[in-house]
Structures are given as C-alpha cells and as structure tokens.
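Q: What follows is entry_28.pdb, PDB, C-alpha atoms.
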MODEL        1
ATOM      1  CA  MET P 167     -23.651  13.176 -26.844
ATOM      2  CA  LYS P 168     -21.291  14.616 -24.215
ATOM      3  CA  GLN P 169     -23.575  13.330 -21.459
ATOM      4  CA  HIS P 170     -23.522   9.825 -22.959
ATOM      5  CA  ARG P 171     -19.715   9.940 -23.224
ATOM      6  CA  GLY P 172     -19.434  11.128 -19.615
ATOM      7  CA  ALA P 173     -21.613   8.268 -18.370
ATOM      8  CA  LYS P 174     -19.529   5.798 -20.333
ATOM      9  CA  ILE P 175     -16.303   7.128 -18.815
ATOM     10  CA  ALA P 176     -17.839   6.961 -15.337
ATOM     11  CA  LEU P 177     -18.792   3.306 -15.887
ATOM     12  CA  ILE P 178     -15.287   2.490 -17.080
ATOM     13  CA  VAL P 179     -13.765   4.178 -14.034
ATOM     14  CA  LEU P 180     -16.190   2.368 -11.727
ATOM     15  CA  ALA P 181     -15.421  -0.973 -13.351
ATOM     16  CA  ALA P 182     -11.701  -0.321 -13.001
ATOM     17  CA  LEU P 183     -12.106   0.546  -9.331
ATOM     18  CA  LEU P 184     -14.133  -2.618  -8.731
ATOM     19  CA  VAL P 185     -11.481  -4.715 -10.441
ATOM     20  CA  LEU P 186      -8.771  -3.089  -8.333
ATOM     21  CA  ALA P 187     -10.804  -3.592  -5.149
ATOM     22  CA  ALA P 188     -11.459  -7.246  -6.028
ATOM     23  CA  GLY P 189      -7.774  -7.759  -6.776
ATOM     24  CA  ALA P 190      -6.778  -6.177  -3.487
ATOM     25  CA  LEU P 191      -9.253  -8.386  -1.639
ATOM     26  CA  VAL P 192      -7.940 -11.532  -3.324
ATOM     27  CA  PHE P 193      -4.399 -10.483  -2.444
ATOM     28  CA  ALA P 194      -5.365  -9.811   1.193
ATOM     29  CA  GLY P 195      -7.256 -13.104   1.463
ATOM     30  CA  ASN P 196      -4.319 -15.078   0.098
ATOM     31  CA  TYR P 197      -1.877 -13.192   2.304
ATOM     32  CA  LEU P 198      -3.835 -13.976   5.480
ATOM     33  CA  PHE P 199      -4.346 -17.590   4.435
ATOM     34  CA  ASN P 200      -0.607 -18.035   3.863
ATOM     35  CA  PHE P 201       0.203 -16.171   7.075
ATOM     36  CA  ALA P 202      -1.987 -18.436   9.203
ATOM     37  CA  LEU P 203      -2.179 -21.796   7.448
ATOM     38  CA  ASP P 204       0.874 -22.295   5.232
ATOM     39  CA  PRO P 205       3.667 -23.743   7.387
ATOM     40  CA  ASN P 206       6.199 -22.960   4.673
ATOM     41  CA  SER P 207       5.356 -19.258   4.517
ATOM     42  CA  PRO P 208       8.550 -17.459   5.703
ATOM     43  CA  GLY P 209       6.651 -14.626   7.369
ATOM     44  CA  GLY P 210       3.818 -16.761   8.680
ATOM     45  CA  MET P 211       2.730 -17.503  12.228
ATOM     46  CA  ILE P 212       4.451 -20.881  12.205
ATOM     47  CA  GLY P 213       7.579 -19.264  10.794
ATOM     48  CA  GLY P 214       8.537 -21.226   7.703
ATOM     49  CA  ASN P 215       9.853 -24.787   7.608
ATOM     50  CA  GLN P 216      10.145 -26.140  11.111
ATOM     51  CA  ASN P 217      13.167 -28.196  12.102
ATOM     52  CA  TRP P 218      11.063 -30.737  13.964
ATOM     53  CA  ALA P 219      13.941 -33.215  14.294
ATOM     54  CA  GLU P 220      15.960 -30.687  16.290
ATOM     55  CA  GLU P 221      12.965 -29.825  18.491
ATOM     56  CA  ALA P 222      12.267 -33.517  19.103
ATOM     57  CA  GLU P 223      15.794 -34.402  20.169
ATOM     58  CA  GLY P 224      16.054 -35.535  23.760
ATOM     59  CA  THR P 225      12.329 -35.417  24.524
ATOM     60  CA  TRP P 226      10.869 -38.242  26.593
ATOM     61  CA  ILE P 227       8.268 -39.222  24.048
ATOM     62  CA  GLN P 228      10.828 -39.272  21.236
ATOM     63  CA  GLU P 229      13.091 -41.559  23.248
ATOM     64  CA  ASN P 230      10.294 -43.864  24.443
ATOM     65  CA  GLY P 231       7.817 -43.721  21.581
ATOM     66  CA  GLU P 232       7.298 -46.021  18.625
ATOM     67  CA  ASP P 233       6.314 -44.836  15.155
ATOM     68  CA  ARG P 234       2.764 -45.384  13.994
ATOM     69  CA  TRP P 235       1.468 -44.544  10.523
ATOM     70  CA  LEU P 236      -2.006 -44.017   9.097
ATOM     71  CA  THR P 237      -3.316 -43.249   5.624
ATOM     72  CA  SER P 238      -6.010 -40.584   5.834
ATOM     73  CA  ARG P 239      -9.288 -40.787   3.974
ATOM     74  CA  ASP P 240      -7.949 -38.324   1.422
ATOM     75  CA  GLY P 241      -4.693 -40.197   0.917
ATOM     76  CA  LEU P 242      -2.227 -38.432   3.232
ATOM     77  CA  THR P 243       0.394 -40.323   5.214
ATOM     78  CA  LEU P 244       0.001 -39.373   8.874
ATOM     79  CA  HIS P 245       2.493 -40.006  11.662
ATOM     80  CA  ALA P 246       2.080 -40.585  15.389
ATOM     81  CA  LEU P 247       4.269 -41.579  18.306
ATOM     82  CA  TYR P 248       2.970 -44.390  20.496
ATOM     83  CA  VAL P 249       4.177 -45.150  24.019
ATOM     84  CA  PRO P 250       2.845 -48.529  25.241
ATOM     85  CA  GLN P 251       2.788 -49.680  28.826
ATOM     86  CA  ALA P 252       5.356 -52.310  29.770
ATOM     87  CA  GLU P 253       2.535 -54.557  30.966
ATOM     88  CA  THR P 254      -0.778 -55.049  29.211
ATOM     89  CA  SER P 255      -3.182 -52.166  29.691
ATOM     90  CA  HIS P 256      -6.484 -51.567  27.943
ATOM     91  CA  ARG P 257      -6.403 -47.862  28.756
ATOM     92  CA  TYR P 258      -5.368 -45.420  26.048
ATOM     93  CA  VAL P 259      -4.981 -41.668  25.617
ATOM     94  CA  VAL P 260      -4.961 -40.051  22.188
ATOM     95  CA  GLY P 261      -3.188 -36.725  22.712
ATOM     96  CA  CYS P 262      -3.497 -33.830  20.258
ATOM     97  CA  HIS P 263      -0.838 -31.105  20.157
ATOM     98  CA  GLY P 264      -1.232 -27.400  19.453
ATOM     99  CA  TYR P 265      -0.749 -25.122  16.462
ATOM    100  CA  GLY P 266       2.782 -25.241  15.082
ATOM    101  CA  SER P 267       3.822 -27.806  17.676
ATOM    102  CA  ILE P 268       4.824 -31.469  17.381
ATOM    103  CA  PRO P 269       3.980 -34.654  19.312
ATOM    104  CA  GLN P 270       7.355 -34.688  21.047
ATOM    105  CA  LEU P 271       6.562 -31.404  22.786
ATOM    106  CA  MET P 272       3.647 -33.084  24.566
ATOM    107  CA  SER P 273       6.097 -35.078  26.661
ATOM    108  CA  ASN P 274       4.957 -33.584  29.991
ATOM    109  CA  SER P 275       1.313 -34.607  29.600
ATOM    110  CA  THR P 276       2.330 -37.904  27.989
ATOM    111  CA  ILE P 277       4.452 -38.771  31.025
ATOM    112  CA  LYS P 278       1.532 -37.940  33.339
ATOM    113  CA  PHE P 279      -0.884 -40.187  31.475
ATOM    114  CA  TYR P 280       1.741 -42.922  31.160
ATOM    115  CA  GLU P 281       2.304 -42.837  34.922
ATOM    116  CA  MET P 282      -1.463 -43.253  35.376
ATOM    117  CA  GLY P 283      -1.227 -46.520  33.451
ATOM    118  CA  TYR P 284      -2.297 -45.355  29.997
ATOM    119  CA  ASN P 285      -0.833 -46.295  26.662
ATOM    120  CA  VAL P 286      -0.394 -42.971  24.858
ATOM    121  CA  LEU P 287      -0.743 -42.226  21.151
ATOM    122  CA  VAL P 288       0.167 -38.708  20.003
ATOM    123  CA  PRO P 289      -0.587 -38.034  16.325
ATOM    124  CA  ALA P 290       1.070 -35.223  14.395
ATOM    125  CA  ALA P 291      -1.569 -32.936  12.907
ATOM    126  CA  ARG P 292      -1.629 -32.422   9.155
ATOM    127  CA  ALA P 293       1.280 -30.341   7.853
ATOM    128  CA  HIS P 294       3.092 -30.806  11.180
ATOM    129  CA  GLU P 295       6.147 -32.936  11.959
ATOM    130  CA  GLN P 296       6.155 -36.022   9.673
ATOM    131  CA  SER P 297       2.458 -35.938   8.772
ATOM    132  CA  GLY P 298       1.535 -35.107   5.201
ATOM    133  CA  GLY P 299      -0.543 -32.151   4.138
ATOM    134  CA  THR P 300       0.206 -28.798   2.565
ATOM    135  CA  TYR P 301      -1.793 -26.576   4.900
ATOM    136  CA  VAL P 302      -2.693 -26.450   8.589
ATOM    137  CA  SER P 303      -6.377 -27.286   9.013
ATOM    138  CA  MET P 304      -6.859 -26.123  12.620
ATOM    139  CA  GLY P 305      -8.378 -29.407  13.806
ATOM    140  CA  TRP P 306     -11.226 -29.480  11.309
ATOM    141  CA  LEU P 307      -9.868 -32.087   8.895
ATOM    142  CA  GLU P 308      -8.068 -33.789  11.778
ATOM    143  CA  ARG P 309     -11.380 -34.635  13.433
ATOM    144  CA  LYS P 310     -11.836 -37.517  11.002
ATOM    145  CA  ASP P 311      -8.160 -38.462  11.310
ATOM    146  CA  ILE P 312      -8.638 -38.830  15.076
ATOM    147  CA  VAL P 313     -11.638 -41.081  14.464
ATOM    148  CA  ASP P 314      -9.399 -43.235  12.278
ATOM    149  CA  TRP P 315      -6.595 -43.306  14.864
ATOM    150  CA  VAL P 316      -9.201 -44.469  17.388
ATOM    151  CA  ASN P 317     -10.328 -47.178  14.980
ATOM    152  CA  MET P 318      -6.709 -48.318  14.628
ATOM    153  CA  LEU P 319      -6.397 -48.676  18.408
ATOM    154  CA  VAL P 320      -9.635 -50.641  18.617
ATOM    155  CA  GLU P 321      -8.473 -52.957  15.849
ATOM    156  CA  GLN P 322      -5.303 -53.485  17.890
ATOM    157  CA  ASP P 323      -7.226 -53.997  21.150
ATOM    158  CA  SER P 324     -10.972 -54.656  21.088
ATOM    159  CA  GLU P 325     -11.111 -54.011  24.846
ATOM    160  CA  ALA P 326      -9.562 -50.551  24.508
ATOM    161  CA  GLU P 327     -10.913 -47.747  26.679
ATOM    162  CA  ILE P 328      -9.897 -44.473  25.108
ATOM    163  CA  VAL P 329      -9.578 -40.874  26.300
ATOM    164  CA  LEU P 330      -9.197 -38.029  23.809
ATOM    165  CA  TYR P 331      -7.042 -35.178  25.143
ATOM    166  CA  GLY P 332      -5.922 -32.012  23.417
ATOM    167  CA  ILE P 333      -4.445 -28.606  24.125
ATOM    168  CA  SER P 334      -5.023 -25.368  22.158
ATOM    169  CA  MET P 335      -5.527 -26.425  18.525
ATOM    170  CA  GLY P 336      -5.511 -29.954  19.897
ATOM    171  CA  GLY P 337      -8.291 -28.944  22.294
ATOM    172  CA  ALA P 338     -10.313 -27.671  19.350
ATOM    173  CA  THR P 339      -9.505 -30.904  17.497
ATOM    174  CA  VAL P 340     -10.953 -33.153  20.189
ATOM    175  CA  MET P 341     -14.017 -30.917  20.548
ATOM    176  CA  MET P 342     -14.587 -31.136  16.800
ATOM    177  CA  THR P 343     -14.074 -34.900  17.004
ATOM    178  CA  ALA P 344     -16.730 -35.079  19.730
ATOM    179  CA  GLY P 345     -19.398 -34.379  17.121
ATOM    180  CA  GLU P 346     -18.419 -37.347  14.956
ATOM    181  CA  GLU P 347     -19.736 -40.880  15.269
ATOM    182  CA  LEU P 348     -17.325 -42.451  17.749
ATOM    183  CA  ARG P 349     -16.686 -46.022  18.821
ATOM    184  CA  SER P 350     -18.113 -46.898  22.215
ATOM    185  CA  ASN P 351     -14.479 -47.439  23.239
ATOM    186  CA  VAL P 352     -14.115 -43.649  23.532
ATOM    187  CA  LYS P 353     -15.090 -43.088  27.151
ATOM    188  CA  CYS P 354     -14.433 -39.372  27.638
ATOM    189  CA  ILE P 355     -12.778 -36.268  26.222
ATOM    190  CA  ILE P 356     -10.582 -33.608  27.876
ATOM    191  CA  GLU P 357      -9.912 -30.309  26.123
ATOM    192  CA  ASP P 358      -7.581 -27.574  27.316
ATOM    193  CA  CYS P 359      -7.909 -24.002  25.938
ATOM    194  CA  GLY P 360      -9.426 -24.902  22.575
ATOM    195  CA  TYR P 361     -11.169 -22.245  20.473
ATOM    196  CA  SER P 362     -14.876 -22.050  19.718
ATOM    197  CA  SER P 363     -14.331 -21.888  15.953
ATOM    198  CA  VAL P 364     -11.573 -21.075  13.500
ATOM    199  CA  TRP P 365     -13.528 -17.957  12.517
ATOM    200  CA  ASP P 366     -13.700 -16.704  16.112
ATOM    201  CA  GLU P 367     -10.009 -17.383  16.714
ATOM    202  CA  PHE P 368      -8.843 -15.712  13.523
ATOM    203  CA  ALA P 369     -11.188 -12.760  14.057
ATOM    204  CA  GLY P 370      -9.461 -12.089  17.363
ATOM    205  CA  GLN P 371      -5.998 -12.451  15.862
ATOM    206  CA  LEU P 372      -6.911 -10.235  12.901
ATOM    207  CA  ASP P 373      -7.841  -7.473  15.305
ATOM    208  CA  GLU P 374      -4.888  -8.091  17.640
ATOM    209  CA  LEU P 375      -2.172  -8.315  14.979
ATOM    210  CA  PHE P 376      -3.468  -6.080  12.209
ATOM    211  CA  GLY P 377      -6.212  -3.959  13.758
ATOM    212  CA  LEU P 378      -8.620  -5.045  11.011
ATOM    213  CA  PRO P 379     -12.332  -5.918  11.133
ATOM    214  CA  THR P 380     -13.498  -9.302   9.898
ATOM    215  CA  PHE P 381     -15.361  -7.911   6.887
ATOM    216  CA  PRO P 382     -14.279  -8.167   4.161
ATOM    217  CA  VAL P 383     -10.744  -9.444   4.757
ATOM    218  CA  LEU P 384     -11.505 -12.517   6.891
ATOM    219  CA  ASP P 385     -14.374 -13.407   4.571
ATOM    220  CA  ALA P 386     -11.908 -13.338   1.670
ATOM    221  CA  ALA P 387      -9.363 -15.459   3.560
ATOM    222  CA  SER P 388     -12.091 -17.968   4.437
ATOM    223  CA  LEU P 389     -13.063 -18.233   0.772
ATOM    224  CA  VAL P 390      -9.406 -18.750  -0.168
ATOM    225  CA  SER P 391      -9.205 -21.481   2.478
ATOM    226  CA  GLN P 392     -12.290 -23.158   1.043
ATOM    227  CA  VAL P 393     -10.667 -23.268  -2.389
ATOM    228  CA  ARG P 394      -7.101 -24.120  -1.379
ATOM    229  CA  ALA P 395      -7.534 -26.179   1.813
ATOM    230  CA  GLY P 396     -11.067 -27.533   1.523
ATOM    231  CA  PHE P 397     -12.735 -25.813   4.470
ATOM    232  CA  GLY P 398     -14.132 -22.437   5.453
ATOM    233  CA  PHE P 399     -13.450 -20.757   8.776
ATOM    234  CA  LYS P 400     -17.077 -20.670   9.969
ATOM    235  CA  GLU P 401     -17.588 -24.293   8.965
ATOM    236  CA  ALA P 402     -14.698 -25.328  11.215
ATOM    237  CA  SER P 403     -16.665 -24.890  14.423
ATOM    238  CA  ALA P 404     -16.129 -26.672  17.710
ATOM    239  CA  VAL P 405     -19.416 -25.184  18.913
ATOM    240  CA  GLU P 406     -21.481 -26.820  16.174
ATOM    241  CA  GLN P 407     -19.733 -30.148  16.703
ATOM    242  CA  LEU P 408     -20.261 -30.011  20.465
ATOM    243  CA  LYS P 409     -23.992 -29.733  19.886
ATOM    244  CA  LYS P 410     -23.774 -33.379  18.770
ATOM    245  CA  ALA P 411     -21.477 -34.557  21.582
ATOM    246  CA  SER P 412     -22.591 -37.424  23.794
ATOM    247  CA  VAL P 413     -19.488 -38.599  25.665
ATOM    248  CA  PRO P 414     -18.457 -37.066  29.015
ATOM    249  CA  MET P 415     -16.280 -33.972  28.586
ATOM    250  CA  LEU P 416     -13.946 -31.890  30.739
ATOM    251  CA  PHE P 417     -13.229 -28.304  29.634
ATOM    252  CA  ILE P 418     -10.130 -26.513  30.980
ATOM    253  CA  HIS P 419      -9.030 -22.924  30.430
ATOM    254  CA  GLY P 420      -6.613 -20.444  31.956
ATOM    255  CA  GLU P 421      -8.318 -17.283  33.188
ATOM    256  CA  ASP P 422      -5.527 -15.041  31.822
ATOM    257  CA  ASP P 423      -5.629 -16.558  28.342
ATOM    258  CA  THR P 424      -5.860 -13.847  25.687
ATOM    259  CA  PHE P 425      -4.624 -15.860  22.695
ATOM    260  CA  VAL P 426      -7.641 -18.173  22.860
ATOM    261  CA  PRO P 427      -9.722 -15.809  24.993
ATOM    262  CA  TYR P 428     -11.075 -17.077  28.295
ATOM    263  CA  TRP P 429     -14.643 -16.190  27.273
ATOM    264  CA  MET P 430     -14.548 -19.058  24.801
ATOM    265  CA  LEU P 431     -14.717 -21.498  27.722
ATOM    266  CA  ASP P 432     -18.300 -20.422  28.456
ATOM    267  CA  VAL P 433     -19.237 -20.713  24.789
ATOM    268  CA  VAL P 434     -17.944 -24.250  24.257
ATOM    269  CA  TYR P 435     -19.141 -25.499  27.635
ATOM    270  CA  GLU P 436     -22.672 -24.232  27.058
ATOM    271  CA  ALA P 437     -22.710 -25.638  23.514
ATOM    272  CA  CYS P 438     -21.792 -29.146  24.660
ATOM    273  CA  ALA P 439     -24.803 -31.456  24.492
ATOM    274  CA  SER P 440     -23.233 -34.161  26.628
ATOM    275  CA  PRO P 441     -25.238 -34.682  29.830
ATOM    276  CA  GLU P 442     -21.978 -35.309  31.693
ATOM    277  CA  LYS P 443     -19.656 -32.342  31.459
ATOM    278  CA  GLU P 444     -17.317 -30.483  33.796
ATOM    279  CA  ARG P 445     -15.155 -27.371  33.623
ATOM    280  CA  LEU P 446     -12.002 -26.119  35.292
ATOM    281  CA  SER P 447     -10.826 -22.505  35.323
ATOM    282  CA  VAL P 448      -7.226 -21.929  36.391
ATOM    283  CA  PRO P 449      -6.449 -18.455  37.803
ATOM    284  CA  ASN P 450      -3.349 -16.591  36.587
ATOM    285  CA  ALA P 451      -2.806 -19.027  33.710
ATOM    286  CA  ALA P 452      -2.167 -17.672  30.216
ATOM    287  CA  HIS P 453      -2.628 -19.685  27.049
ATOM    288  CA  GLY P 454      -1.640 -23.323  27.461
ATOM    289  CA  GLU P 455      -0.190 -22.701  30.929
ATOM    290  CA  ALA P 456      -2.916 -24.136  33.154
ATOM    291  CA  ALA P 457      -1.006 -27.361  33.872
ATOM    292  CA  SER P 458       2.240 -25.541  34.676
ATOM    293  CA  VAL P 459       0.682 -22.726  36.768
ATOM    294  CA  ASP P 460      -1.244 -25.083  39.071
ATOM    295  CA  PRO P 461      -0.212 -28.676  38.337
ATOM    296  CA  ASP P 462      -1.784 -30.087  41.488
ATOM    297  CA  LEU P 463      -5.212 -28.631  40.694
ATOM    298  CA  TYR P 464      -4.923 -29.503  37.025
ATOM    299  CA  TRP P 465      -3.919 -33.134  37.347
ATOM    300  CA  SER P 466      -6.051 -33.910  40.398
ATOM    301  CA  THR P 467      -9.056 -32.627  38.429
ATOM    302  CA  VAL P 468      -8.077 -34.725  35.406
ATOM    303  CA  GLU P 469      -7.584 -37.839  37.526
ATOM    304  CA  SER P 470     -10.872 -37.319  39.351
ATOM    305  CA  PHE P 471     -12.685 -36.913  36.038
ATOM    306  CA  LEU P 472     -11.077 -40.019  34.540
ATOM    307  CA  ALA P 473     -11.895 -42.083  37.612
ATOM    308  CA  LYS P 474     -15.609 -41.595  36.906
ATOM    309  CA  TYR P 475     -15.542 -42.972  33.376
ATOM    310  CA  MET P 476     -12.605 -45.369  33.059
ATOM    311  CA  ASN P 477     -12.882 -48.901  34.435
TER     312      ASN P 477
ENDMDL
END
Kindly transcribe the structure held in the file into structure tokens.
A:
Amino acid sequence: MKQHRGAKIALIVLAALLVLAAGALVFAGNYLFNFALDPNSPGGMIGGNQNWAEEAEGTWIQENGEDRWLTSRDGLTLHALYVPQAETSHRYVVGCHGYGSIPQLMSNSTIKFYEMGYNVLVPAARAHEQSGGTYVSMGWLERKDIVDWVNMLVEQDSEAEIVLYGISMGGATVMMTAGEELRSNVKCIIEDCGYSSVWDEFAGQLDELFGLPTFPVLDAASLVSQVRAGFGFKEASAVEQLKKASVPMLFIHGEDDTFVPYWMLDVVYEACASPEKERLSVPNAAHGEAASVDPDLYWSTVESFLAKYMN
C-alpha cells in the first residue's frame, strides 16, 4: 500500500515538473519571439515603436520619392517609395532594406542606382515604416510581396527590365524571392550580407546575446512564430529558395561581418542553382559596411555585373 502511494506521489511530482518545464519553455519561446519579431516590444531588438517619420526627414529618397501602395495577398496595406527617372527609362531596381530599417535609409544606394539611369522602387517590409503587419517576417513573407511589387511595375511598363537588390534582411528577402516564379522582366538579383536562413541567423544571435543553445529554446520560439506569425524559422530559408534560382545573381559580403557571419556567403553562393552567379568579398567590412568601406570596388563590381544582363 505504501509502495503504491509512493509511486503515485512520484508520478504527481513528475507531472508537476513537466508542466512547469513546459510552461517555462512556452514563456521562453514567446519572450524570444517578441524580442526578435515584435517591433512594438519595448525591450526588443528593434526597440519598440520606431519614429520612422523623424528618421525619414531630410533623406534624399523621402524628398524625391513618390508613394506607392500595394495590397498583399493576405490583405495587408504595403507602402513603398518610388523615384522615377526624369526621362523615360525601362530600367528598374527594387531595393529591399534591412531589419528594423526603413526605405528612406536606403538613400545612398538609391542615389547610385538612380544615377545609373534606373527608376527605383523601395518597399517597406511588413511591420516597418508605413507597411502593415504585426510582426517582422525576416524576408520570408516578403518574398511574395516582392513578386507582387514586380508585377505592379510590369503592369506599369511591359518593357520593364528589373533588378532586385537587398541588404541584410533585404539581402535575404531577394534570395528568398529568387526561388519564386518570377516574370522574365527580372533580369538579375544582387544581395548584400543576407543570411542563409532565419534559423541560422537566430541561432547565432541566441548564442551571442544569451549564451544559449538552440535546443530547446529556439525550437520553442520557432513554434511560437509558426502559430503567431505564420512561419517557422527553418522554413524561412534562403538556401532552399536559392536551390530553385535561375536568374543571374551577385552575392556580396564583408569579411569582418559577425552579425550575419561571413561564412554564410559560401553557403548561399554554393546553394544557388543559377548557372550565372558571382561573388564579392570586401576586406575589413563589418555588417552592411561593404559599400562604405570600399565604394569603388563595390559599385564597379555592381555596374560590371549589371552591364552583362541589362540591355
């Protein structure tokens, strides 16, 4: 009788511990999700509500751009800034900004492309600037939005020749877009310091910021993301999308990048199925700094690449 009672107590204790462990895991998963993907989280990586209007003030693209709007496939209102050439041009760049950034802060690259004769469209990613969305989706949901922005340009100009360009999260966005069915108007893609997958990027940040292994915390956060945002971290993979890529691609990365580690350049480049692909490594450049550390090398490489595929 005592033995039976002891076993029963042990089972109750075990069940209680499992419930506590599960609760702790749910809490940790939600905490990390909010920290990384909720732009309104006060202690998050983006830092709470962003005053995008103040950041945008005085930027070249804000002063020269026109508003463009798009309704996403899941009903969100998305915003972009569009800078057209003064004279008719059938060349277009769709530029994708980084995590926590806004289109206006891509003024430097926008000016460069504009000076090359391109009309430039810079969409705001979901949950950034004026675009709708509750959570940041790290380029994964944006991949279809970019396809739709491309379709809008082609409807505007059937002769459009389009380049996709992105930096950091924007680089991951255009790599993820590369695996979608694209209009023949998309002639090439340029990515700068994009990550191989959301899982890989967050695994590195989890270790860097919290000193934690991926299991079980990142698994829990990925499950929370699946439920709350509609995608899991492993699913959101530039590598898997690049295996379906067919358009020419240029991959750029700073050799001193530790935020999106430099080793990811090898991974995404090797994964790319496009028969026409190039890569540029920029010495002494940290994350997102390749163009500022060696602008001559950066932009001469970009121009040389574009000259091969744009009429």
Q: P:Ala387, P:Ala219, P:Leu307, P:Ile356: which is nearest Gly261 of chain P, counting only C-alpha atoms?
A: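 Checking each of P:Ala387, P:Ala219, P:Leu307, P:Ile356 against Gly261 of chain P, counting only C-alpha atoms, the winner is P:Ile356.
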Q: Between atom CA of Asp311 of chain P and atom CA of Arg239 of chain P, what is the spacing in Å?
A: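 These atoms are spaced 7.8 Å apart.
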Q: Provide the atom CA of Glu220 of chain P to atom CA of Leu247 of chain P distance in Å, to one decimal place.
A: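 That distance, rounded to one decimal, is 16.1 Å.
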Q: Select, from P:Leu198, P:Ile312, P:Ala369, P:Ala252, the residue with the minimum atom-to-atom distance to Arg349 of chain P, counting only C-alpha atoms.
A: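 Smallest distance to Arg349 of chain P is found for P:Ile312.
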Q: Care to translate the PyMOL selection byres ((chain P and resi 380-383) around 12) into actual residues of this file, as a ChimeraX atom specification?
A: /P:187-188,190-199,365-374,376-379,384-390,399-400
